[in-house]
>>> print(open('final18.txt').read())   # compact mmCIF, C-alpha atoms
# COMPACT_ATOMS: atom_id res chain seq x y z
CA MET A 25 1.54 20.14 62.61
CA GLN A 26 1.78 21.12 58.96
CA GLN A 27 -0.33 19.15 56.58
CA SER A 28 -0.19 18.79 52.81
CA LEU A 29 -2.91 20.65 50.89
CA ILE A 30 -3.11 17.99 48.20
CA ILE A 31 -2.49 14.25 48.14
CA PRO A 32 -1.37 13.04 44.71
CA SER A 33 -2.92 9.96 43.16
CA GLN A 34 -0.83 6.82 43.55
CA LEU A 35 -1.96 5.60 40.12
CA THR A 36 0.50 7.78 38.25
CA ASP A 37 3.98 9.11 38.90
CA TYR A 38 4.11 11.75 36.15
CA SER A 39 7.33 10.37 34.77
CA THR A 40 7.42 11.10 31.07
CA LYS A 41 8.99 9.62 27.99
CA GLU A 42 11.31 12.51 27.70
CA ALA A 43 14.17 13.86 25.71
CA GLY A 44 16.55 16.19 27.52
CA PRO A 45 18.43 18.21 24.94
CA ILE A 46 21.11 19.21 27.46
CA VAL A 47 23.30 16.22 26.53
CA VAL A 48 23.21 16.96 22.85
CA ALA A 49 23.67 20.66 23.57
CA LEU A 50 27.02 19.92 25.18
CA ALA A 51 28.09 17.41 22.53
CA PHE A 52 26.94 19.70 19.76
CA VAL A 53 28.60 22.84 21.05
CA ILE A 54 31.82 20.96 21.89
CA ALA A 55 31.92 19.31 18.45
CA LEU A 56 31.34 22.51 16.52
CA GLY A 57 33.45 24.64 18.84
CA GLY A 58 36.27 22.08 18.66
CA VAL A 59 36.38 22.11 14.87
CA ALA A 60 36.27 25.90 14.78
CA ALA A 61 38.91 26.23 17.50
CA ALA A 62 41.19 23.79 15.62
CA ALA A 63 40.86 25.93 12.51
CA ILE A 64 41.78 29.06 14.44
CA ILE A 65 44.76 27.36 16.12
CA LEU A 66 46.09 26.09 12.80
CA CYS A 67 45.34 29.13 10.65
CA GLY A 68 45.49 31.97 13.15
CA TRP A 69 42.84 34.68 13.46
CA ARG A 70 42.34 34.86 9.72
CA GLY A 71 40.63 31.49 10.06
CA ALA A 72 39.92 28.83 7.47
CA LYS A 73 38.47 29.16 4.01
CA HIS A 74 37.33 25.59 3.83
CA ILE A 75 36.98 22.65 6.22
CA ALA A 76 36.35 19.10 5.02
CA VAL A 77 36.01 15.95 7.09
CA ASN A 78 36.70 12.65 5.39
CA LEU A 79 35.28 9.98 7.64
CA SER A 80 36.47 6.97 5.63
CA GLN A 81 40.08 8.15 5.63
CA ARG A 82 39.72 9.69 9.10
CA ARG A 83 41.16 12.97 7.88
CA VAL A 84 40.19 16.55 8.47
CA GLU A 85 41.35 19.00 5.82
CA ILE A 86 41.54 22.64 6.81
CA VAL A 87 42.38 25.12 4.05
CA CYS A 88 43.53 28.45 5.50
CA ARG A 89 42.49 31.83 4.08
CA MET B 2 9.56 23.65 58.57
CA PRO B 3 9.61 21.80 55.21
CA LEU B 4 7.02 19.09 54.53
CA ALA B 5 7.97 15.46 54.07
CA THR B 6 7.02 15.25 50.37
CA PRO B 7 9.51 16.06 47.58
CA PHE B 8 7.20 18.41 45.67
CA SER B 9 8.48 21.70 47.13
CA LYS B 10 11.59 21.45 44.97
CA TYR B 11 9.39 21.92 41.89
CA CYS B 12 7.92 25.19 43.21
CA PRO B 13 8.76 27.83 40.61
CA PHE B 14 10.04 31.35 41.25
CA LEU B 15 7.00 33.58 41.74
CA LEU B 16 6.53 37.33 41.73
CA GLU B 17 3.75 38.87 43.82
CA SER B 18 2.24 40.28 40.62
CA ASP B 19 2.14 36.93 38.78
CA VAL B 20 -1.36 35.70 37.95
CA LEU B 21 -1.63 31.96 38.55
CA SER B 22 -4.33 29.72 37.17
CA LEU B 23 -5.13 26.05 36.60
CA SER B 24 -4.38 24.37 33.29
CA ARG B 25 -7.39 23.49 31.14
CA GLU B 26 -6.35 19.86 31.40
CA PHE B 27 -7.35 19.82 35.06
CA GLN B 28 -10.80 20.09 36.60
CA LEU B 29 -11.56 20.94 40.18
CA SER B 30 -14.62 19.31 41.71
CA ALA B 31 -15.58 18.46 45.29
CA ASN B 32 -12.16 17.95 46.91
CA LYS B 33 -10.79 16.29 43.78
CA LEU B 34 -8.41 17.68 41.21
CA GLN B 35 -8.93 15.62 38.10
CA ASP B 36 -6.22 15.19 35.48
CA VAL B 37 -8.41 14.84 32.41
CA THR B 38 -5.77 13.30 30.11
CA LEU B 39 -4.44 10.74 32.55
CA GLY B 40 -7.84 10.13 34.11
CA VAL B 41 -6.57 10.27 37.70
CA ASN B 42 -7.87 12.21 40.69
CA HIS B 43 -5.71 13.96 43.25
CA THR B 44 -7.30 14.43 46.67
CA VAL B 45 -7.50 18.04 47.80
CA VAL B 46 -7.46 18.63 51.56
CA PRO B 47 -10.05 21.33 52.59
CA PRO B 48 -7.75 24.37 53.07
CA GLY B 49 -6.19 23.56 49.70
CA GLU B 50 -9.60 23.58 48.05
CA GLN B 51 -9.95 27.32 48.60
CA ILE B 52 -6.51 28.00 47.16
CA LEU B 53 -7.32 25.85 44.11
CA SER B 54 -10.65 27.66 43.66
CA LEU B 55 -8.70 30.89 43.49
CA LEU B 56 -6.39 29.32 40.92
CA SER B 57 -9.33 28.09 38.84
CA ILE B 58 -10.46 31.70 38.27
CA GLY B 59 -6.91 33.10 37.92
CA THR B 60 -5.58 35.06 40.90
CA GLU B 61 -2.51 37.15 41.68
CA VAL B 62 0.10 35.59 43.96
CA ARG B 63 -0.25 38.43 46.47
CA GLN B 64 -3.97 37.74 46.83
CA ILE B 65 -3.34 34.02 47.26
CA ARG B 66 -0.83 34.80 50.00
CA VAL B 67 -3.37 37.03 51.80
CA VAL B 68 -5.97 34.24 51.73
CA ALA B 69 -3.35 31.70 52.83
CA THR B 70 -2.35 33.90 55.77
CA THR B 71 -5.97 34.25 56.93
CA MET B 72 -6.27 30.46 56.76
CA ARG B 73 -3.01 30.13 58.73
CA LEU B 74 -1.31 28.23 55.96
CA THR B 75 2.47 28.31 55.91
CA ASP B 76 4.77 29.18 53.01
CA ALA B 77 5.99 25.56 53.03
CA GLN B 78 2.44 24.29 52.47
CA LEU B 79 1.86 26.73 49.60
CA CYS B 80 5.24 25.90 48.12
CA GLU B 81 4.46 22.19 48.23
CA LEU B 82 1.09 22.74 46.55
CA PHE B 83 2.57 24.91 43.79
CA GLY B 84 5.42 22.42 43.41
CA LEU B 85 3.06 19.50 42.82
CA LEU B 86 0.92 21.56 40.44
CA ASN B 87 4.04 22.59 38.53
CA LEU B 88 5.31 19.01 38.37
CA THR B 89 2.04 17.83 36.86
CA GLY B 90 1.76 20.79 34.49
CA ALA B 91 -1.41 22.01 36.22
CA LEU B 92 -0.04 25.47 37.00
CA THR B 93 -0.12 28.19 34.38
CA TYR B 94 0.91 31.79 34.86
CA ARG B 95 0.71 35.25 33.34
CA ARG B 96 3.58 37.65 33.93
CA HIS B 97 4.17 41.08 32.45
CA LEU B 98 7.25 41.62 30.27
CA TRP B 99 9.17 43.59 32.90
CA GLY B 100 8.46 40.78 35.36
CA HIS B 101 10.34 38.33 33.11
CA VAL B 102 13.38 40.61 33.18
CA VAL B 103 13.18 40.93 36.97
CA VAL B 104 12.89 37.15 37.37
CA TRP B 105 15.90 36.53 35.12
CA VAL B 106 18.00 38.96 37.16
CA LEU B 107 16.87 37.47 40.47
CA LYS B 108 17.42 33.90 39.23
CA LEU B 109 20.92 34.86 38.07
CA ARG B 110 21.64 36.38 41.47
CA ASP B 111 20.42 33.24 43.22
CA ALA B 112 22.40 31.00 40.86
CA CYS B 113 25.55 32.85 41.99
CA LEU B 114 24.59 31.80 45.53
CA ASN B 115 24.09 28.21 44.32
CA ILE B 116 20.30 28.45 44.65
CA TYR B 117 18.37 27.21 41.65
CA HIS B 118 14.68 27.63 40.91
CA PRO B 119 12.79 25.18 38.71
CA PRO B 120 11.18 26.60 35.59
CA PHE B 121 7.43 26.63 34.98
CA SER B 122 6.02 23.59 33.24
CA TRP B 123 4.19 23.95 29.95
CA ARG B 124 1.54 21.34 29.28
CA ARG B 125 -0.68 20.97 26.22
CA GLN B 126 -2.76 18.35 24.42
CA THR B 127 -0.59 16.83 21.71
CA SER B 128 -1.05 18.05 18.16
CA PHE B 129 1.34 18.86 15.34
CA PHE B 130 1.40 22.53 16.34
CA THR B 131 1.97 21.93 20.07
CA LEU B 132 4.65 19.33 19.31
CA VAL B 133 6.62 21.78 17.17
CA LEU B 134 6.10 24.54 19.73
CA GLY B 135 7.18 22.24 22.56
CA VAL B 136 10.34 21.21 20.71
CA LEU B 137 11.18 24.86 20.03
CA ARG B 138 10.56 25.83 23.66
CA ALA B 139 12.71 22.98 25.02
CA THR B 140 15.55 23.60 22.59
CA LEU B 141 15.62 27.40 22.63
CA ALA B 142 18.67 27.52 24.91
CA VAL B 143 20.45 24.85 22.83
CA THR B 144 19.65 26.61 19.58
CA LEU B 145 20.79 30.00 20.79
CA SER B 146 23.97 28.71 22.44
CA SER B 147 24.93 26.64 19.37
CA LEU B 148 24.37 29.57 17.05
CA ALA B 149 26.31 31.86 19.38
CA VAL B 150 29.28 29.49 19.56
CA THR B 151 29.43 29.04 15.80
CA ALA B 152 28.97 32.76 15.25
CA LEU B 153 31.89 33.46 17.59
CA PHE B 154 33.99 31.06 15.54
CA ALA B 155 32.80 32.36 12.18
CA TYR B 156 36.46 33.03 11.44
CA ALA B 157 36.79 29.30 10.97
CA GLY B 158 34.96 29.52 7.70
CA TRP B 159 31.34 30.11 6.81
CA GLN B 160 31.02 26.47 5.89
CA VAL B 161 31.07 25.64 9.60
CA TYR B 162 28.25 28.09 10.21
CA GLY B 163 26.14 26.59 7.41
CA THR B 164 26.81 23.11 8.75
CA ALA B 165 25.81 24.22 12.25
CA VAL B 166 22.49 25.60 11.00
CA MET B 167 21.75 22.45 8.99
CA SER B 168 22.62 20.14 11.87
CA LEU B 169 20.48 22.25 14.22
CA ALA B 170 17.57 21.86 11.83
CA LEU B 171 18.17 18.11 11.76
CA PHE B 172 18.30 18.06 15.56
CA LEU B 173 14.90 19.81 15.81
CA VAL B 174 13.31 17.57 13.15
CA SER B 175 14.69 14.37 14.67
CA LEU B 176 13.54 15.41 18.15
CA SER B 177 10.03 16.07 16.78
CA LEU B 178 10.04 12.66 15.07
CA HIS B 179 11.25 11.04 18.30
CA GLU B 180 8.27 12.41 20.24
CA ALA B 181 5.84 11.87 17.35
CA ALA B 182 6.79 8.16 17.25
CA HIS B 183 6.01 7.84 20.98
CA ILE B 184 2.65 9.57 20.47
CA ALA B 185 1.73 7.41 17.45
CA ILE B 186 2.29 4.17 19.36
CA ILE B 187 0.52 5.39 22.51
CA ARG B 188 -2.50 6.46 20.45
CA ARG B 189 -2.71 3.00 18.91
CA TYR B 190 -3.61 1.85 22.43
CA ARG B 191 -6.41 4.46 22.49
CA CYS B 192 -4.74 6.51 25.19
CA LYS B 193 -4.82 10.30 25.33
CA THR B 194 -1.44 12.03 25.38
CA SER B 195 -0.19 15.33 26.72
CA LEU B 196 2.99 17.19 26.06
CA LEU B 197 4.90 18.37 29.14
CA GLN B 198 7.86 20.71 28.76
CA ARG B 199 9.89 22.01 31.68
CA GLY B 200 13.14 23.82 30.97
CA LEU B 201 15.27 21.61 28.75
CA ARG B 202 13.03 18.62 29.25
CA LEU B 203 10.27 17.60 26.90
CA GLY B 204 8.14 14.55 27.46
CA ILE B 205 4.88 12.78 26.78
CA LEU B 206 2.39 12.08 29.56
CA HIS B 207 -0.09 9.27 29.08
CA ALA B 208 -2.19 6.80 31.03
CA ARG B 209 -0.56 3.50 31.88
CA LEU B 210 -0.17 1.12 28.93
CA PRO B 211 0.12 -2.68 28.98
CA ALA B 212 3.75 -3.78 29.36
CA HIS B 213 4.05 -4.71 25.68
CA GLY B 214 2.74 -1.32 24.57
CA GLU B 215 5.07 0.47 26.97
CA ILE B 216 8.07 -1.41 25.55
CA VAL B 217 7.12 -0.67 21.93
CA SER B 218 6.40 3.01 22.57
CA SER B 219 9.64 3.46 24.56
CA LEU B 220 11.65 1.97 21.69
CA ALA B 221 9.78 3.75 18.91
CA GLY B 222 11.04 7.25 19.80
CA PRO B 223 14.79 6.53 19.80
CA VAL B 224 14.48 4.28 16.73
CA ALA B 225 12.70 7.05 14.78
CA GLY B 226 15.27 9.64 15.90
CA VAL B 227 18.26 7.45 15.01
CA ALA B 228 16.75 6.47 11.64
CA CYS B 229 16.21 10.14 10.77
CA CYS B 230 19.82 11.01 11.68
CA LEU B 231 21.32 8.02 9.84
CA PHE B 232 19.33 8.84 6.72
CA ALA B 233 20.39 12.50 6.84
CA GLY B 234 24.01 11.53 7.57
CA ALA B 235 24.09 9.08 4.67
CA VAL B 236 22.63 11.66 2.29
CA ALA B 237 25.07 14.33 3.53
CA TYR B 238 28.09 12.08 3.13
CA ASP B 239 27.26 10.14 -0.01
CA ILE B 240 25.62 12.86 -2.06
CA ALA B 241 27.07 16.11 -0.74
CA GLY B 242 30.36 14.74 0.59
CA ALA B 243 29.82 16.78 3.75
CA GLY B 244 31.85 14.81 6.30
CA LEU B 245 31.45 17.35 9.08
CA LEU B 246 27.67 17.36 8.74
CA ALA B 247 27.66 13.54 8.65
CA GLY B 248 29.75 13.52 11.85
CA LEU B 249 27.27 15.87 13.55
CA CYS B 250 24.42 13.60 12.40
CA ALA B 251 26.20 10.79 14.26
CA VAL B 252 26.45 13.01 17.38
CA ILE B 253 22.71 13.71 17.25
CA ALA B 254 21.97 10.00 16.66
CA SER B 255 24.03 9.16 19.74
CA PHE B 256 21.82 11.53 21.74
CA HIS B 257 18.75 9.54 20.70
CA ILE B 258 20.52 6.31 21.68
CA GLY B 259 21.52 7.99 24.97
CA SER B 260 17.84 8.50 25.82
CA MET B 261 17.70 4.70 26.28
CA LEU B 262 19.99 4.90 29.33
CA PRO B 263 18.14 3.50 32.36
CA TRP B 264 18.04 6.78 34.31
CA TYR B 265 16.65 8.70 31.33
CA GLY B 266 12.98 8.99 30.31
CA ASP B 267 12.79 6.30 27.64
CA GLY B 268 15.25 3.97 29.34
CA ALA B 269 13.42 4.25 32.67
CA SER B 270 10.05 3.48 31.00
CA LEU B 271 11.56 0.49 29.21
CA ARG B 272 13.11 -0.86 32.41
CA ALA B 273 9.85 -0.46 34.33
CA ALA B 274 7.91 -2.21 31.53
CA PHE B 275 10.33 -5.16 31.48
CA LYS B 276 10.03 -5.47 35.26
CA GLU B 277 6.24 -5.41 34.98
CA LYS B 278 6.31 -8.08 32.27
CA GLN B 279 8.51 -10.34 34.37
CA ALA B 280 6.34 -9.91 37.47
>>> encode(input="final18.txt", output="structure tokens")
Amino acid sequence: MQQSLIIPSQLTDYSTKEAGPIVVALAFVIALGGVAAAAIILCGWRGAKHIAVNLSQRRVEIVCR
Amino acid sequence: MPLATPFSKYCPFLLESDVLSLSREFQLSANKLQDVTLGVNHTVVPPGEQILSLLSIGTEVRQIRVVATTMRLTDAQLCELFGLLNLTGALTYRRHLWGHVVVWVLKLRDACLNIYHPPFSWRRQTSFFTLVLGVLRATLAVTLSSLAVTALFAYAGWQVYGTAVMSLALFLVSLSLHEAAHIAIIRRYRCKTSLLQRGLRLGILHARLPAHGEIVSSLAGPVAGVACCLFAGAVAYDIAGAGLLAGLCAVIASFHIGSMLPWYGDGASLRAAFKEKQA
């Protein structure tokens, strides 16, 4: 019968207070990619010269090149 | 035949030429492997003692396998041992540069077959330098992928690229503050702390705190991260009028709030502490 070579202490479970950046990676890349993709869709491959987001008026202003 | 414990799944991908050794935060003595920071002892069963002695002096994987074969140890037993050591951050390795390339290619091949290998853990005593290094290690993939995406969409205006770089910097700073807040509270309870990074995960290991301390330290990290993001967002919007940057600050703040979810590190600690307090 196979036996374990080490028996871990029961006093700790090695769970950490952790931060997994994978969630923010997705949100971050989607947010930035979304804005950039919107600019390309609206302005074509020449892209935008200027992008401004007005949170209070809930408006995004994209000025094409 | 696999063993009954779950540790094998943490066994990292190893090359025969890799040199494995024990972390300085662990001490091997008379069938005990002591975790110096947490102050706990793991019991080593006699055949494992010889393998751990080899690790304590730094030994190539191929030599460890030869010794294991002469001791009639199975691959499953070795894998379980390495898995537990990797989970606790006790396993360190040296690999030559070409080896890293080979491992990346082999891991990519296996990923195509839906086989995934856990990364090596990186464990250090906490200090300003190790905290920054840990944050950079854990976020390297995020940083590179974000920069790559924004670079691909550079057509959309350089302003987006500048915003991406600034928000990335904020992300790194807020993540460091998040962990630093945990450490500051834990140290107030005179507990030693260690930083453990594995792949995209970065966390703080510490000895058990009283329930009240656990609650405060679990809350301190997300609060510090959110405060940093809100401050930066307010400055960006009110002073610079940068709505996009302010929006990204809100995204990053939501990540810090997300770490309070019950299945996540901080949320799980908080839930356990509340349970302990009620008991």
>>> closest_residue(input="final18.txt", among="B:Leu23, B:Ile186, B:Leu169, B:Val133", to="Gly59 of chain B", atoms="all atoms listed in the file")
B:Leu23
>>> atom_distance(input="final18.txt", atom1="atom CA of Ser57 of chain B", atom2="atom CA of Thr89 of chain B")
15.4 Å
>>> interface_residues(input="final18.txt", of="chain B", to="chain A", cutoff="6 Å", atoms="only C-alpha atoms", output="VMD selection string")
chain B and resid 42 to 46 49 143 147 154 156 to 158 201 to 206 244 to 245 256 266 to 267
>>> residues_around(input="final18.txt", residues="segment 211-217 of chain B", least_positions_apart="3", cutoff="7 Å", atoms="only C-alpha atoms", output="list in words")
Leu220, Ala221, Leu271, Ala274, Glu277 and Lys278 of chain B
>>> atom_distance(input="final18.txt", atom1="atom CA of Arg110 of chain B", atom2="atom CA of Leu92 of chain B")
24.7 Å
>>> atom_distance(input="final18.txt", atom1="atom CA of Leu171 of chain B", atom2="atom CA of Gly234 of chain B")
9.7 Å
>>> closest_residue(input="final18.txt", among="B:Ile240, B:Leu16, B:Ile52, B:Ala208", to="Thr38 of chain B", atoms="only C-alpha atoms")
B:Ala208
>>> closest_residue(input="final18.txt", among="B:Gly259, B:Gly163, B:Pro120, B:Gly222", to="Ile184 of chain B", atoms="only C-alpha atoms")
B:Gly222
